Amino acid sequence: MKSTKIALFSMVALFFVTVTACDTNASQQNNTTEATSMPEITEAMVLEAQQAWIRALVSIGEAEDPQARANEVLTNYYDYDNGSVLFKPTLAYGDLTFRPTKEGALSYFVGGNDDFAQDGGFALRPYVSGEVEMGGVVSFGDVAIAMSNITLTAADGSTVMVNKTFAYRMDDEGNMRIITHHSSLPFSPN
């Protein structure tokens with residue numbers, strides 16, 4: 001009985017030492033995070049980022065060299081150069097549905113890559129404008145996830161609405177980088 005009490009007392013003491021150490025470590029991490037944290041991404045920032053993405057998409061179709069411009073867009077708006085991006089374009093299917101590489105995203109926007117033969121160059125339609133209907137934004141400090149409907153207008157006046165989910169990460173310079181781009185056509189029950 002005495003050894004059971006000693007063992008129990010030892011376990012309780014170890015628990016308190018562990019909790020105290022964890023609290024101290026968490027407090028130190030919080031102080032470090034507060035000193036170096038970026039401002040929280042807001043819904044207004046996300047809306048501006050989506051409007052900027054539309055302008056960038058339009059600029060690809062207008063460019064003298066669409067491939068070079070699309071590469072700039074991927075460098076300036078997406079996080080391919082700094083990490084992974086989860087990219088699921090609207091009209092991709094089969095083994096090429098998901099595009100984890102910059103090369104795959106570039107092909108989707110401008111086509112011309114034999115490894116992605118299904119791509120016709122989505123941005124080459126060309127589009128002349130677009131509009132965002134925000135569905136919602138959830139922000140976690142320097143990361144935000146947004147769902148929206150984006151309606152794109154082509155040069156011939158036709159429109160297409162796509163459902164978008166974007167996730168953004170704020171980089172060290174304060175630029176919002178796309179880390180997830182999921183696009184699909186709206187479901188029609190008819």
# chains A, B, ... in the order shown; residues from 1 in each chain; ligands from 1
>>> residues_around(residues="stretch 86-94 of chain A", least_positions_apart="6", cutoff="8 Å", atoms="only C-alpha atoms", output="number ranges by chain")
A: 100, 105, 108, 118-119, 162, 179-185
>>> write_last_selection(atoms="C-alpha atoms", output="PDB file, in the first residue's frame")
ATOM      1  CA  PRO A 100       0.930  20.427 -57.458  1.00  0.00           C
ATOM      2  CA  ALA A 105      -0.567  25.314 -63.422  1.00  0.00           C
ATOM      3  CA  TYR A 108      -3.600  24.976 -67.485  1.00  0.00           C
ATOM      4  CA  GLN A 118      -5.885  18.095 -72.245  1.00  0.00           C
ATOM      5  CA  ASP A 119      -5.083  21.779 -71.576  1.00  0.00           C
ATOM      6  CA  VAL A 162     -17.020  29.185 -61.278  1.00  0.00           C
ATOM      7  CA  ILE A 179      -1.584  28.037 -51.361  1.00  0.00           C
ATOM      8  CA  THR A 180      -4.871  26.380 -52.403  1.00  0.00           C
ATOM      9  CA  HIS A 181      -6.835  27.059 -55.586  1.00  0.00           C
ATOM     10  CA  HIS A 182      -9.853  24.817 -56.099  1.00  0.00           C
ATOM     11  CA  SER A 183     -12.235  25.595 -58.907  1.00  0.00           C
ATOM     12  CA  SER A 184     -15.404  23.854 -60.090  1.00  0.00           C
ATOM     13  CA  LEU A 185     -18.477  24.562 -62.127  1.00  0.00           C
TER      14      LEU A 185
END
>>> residues_around(residues="A:Met134", least_positions_apart="4", cutoff="10 Å", atoms="only C-alpha atoms", output="ChimeraX atom specification")
/A:43,46-47,50,146-150,164
>>> atom_distance(atom1="atom CA of A:Gly130", atom2="atom CA of A:Ile54")
6.0 Å
>>> select_by_dssp(residues="stretch 10-185 of chain A", states="strand (DSSP E)", output="VMD selection string")
chain A and resid 86 to 88 127 to 140 143 to 154 159 to 170 176 to 184
>>> residues_around(residues="A:Gly141", least_positions_apart="6", cutoff="7 Å", atoms="only C-alpha atoms", output="CSV table (one decimal) with N, CA and C atoms, in the first residue's frame")
chain,number,residue,atom,x,y,z
A,39,PRO,N,0.2,40.9,-39.5
A,39,PRO,CA,-1.2,41.2,-39.3
A,39,PRO,C,-2.2,40.1,-39.8
A,40,GLU,N,-3.3,40.0,-39.1
A,40,GLU,CA,-4.3,39.0,-39.5
A,40,GLU,C,-4.9,39.4,-40.9
A,41,ILE,N,-5.0,38.4,-41.7
A,41,ILE,CA,-5.7,38.6,-43.0
A,41,ILE,C,-7.2,38.8,-42.8
>>> residues_around(residues="A:Thr153", least_positions_apart="5", cutoff="7 Å", atoms="only C-alpha atoms", output="NGL selection string")
:A and (127-130 or 158-160)
>>> atom_distance(atom1="atom CA of A:Ala70", atom2="atom CA of A:Trp53")
11.4 Å
>>> atom_distance(atom1="atom CA of A:Arg169", atom2="atom CA of A:Val143")
4.5 Å
>>> closest_residue(among="A:Tyr78, A:Phe116, A:Glu48, A:Asp172", to="A:Leu96", atoms="only C-alpha atoms")
A:Phe116
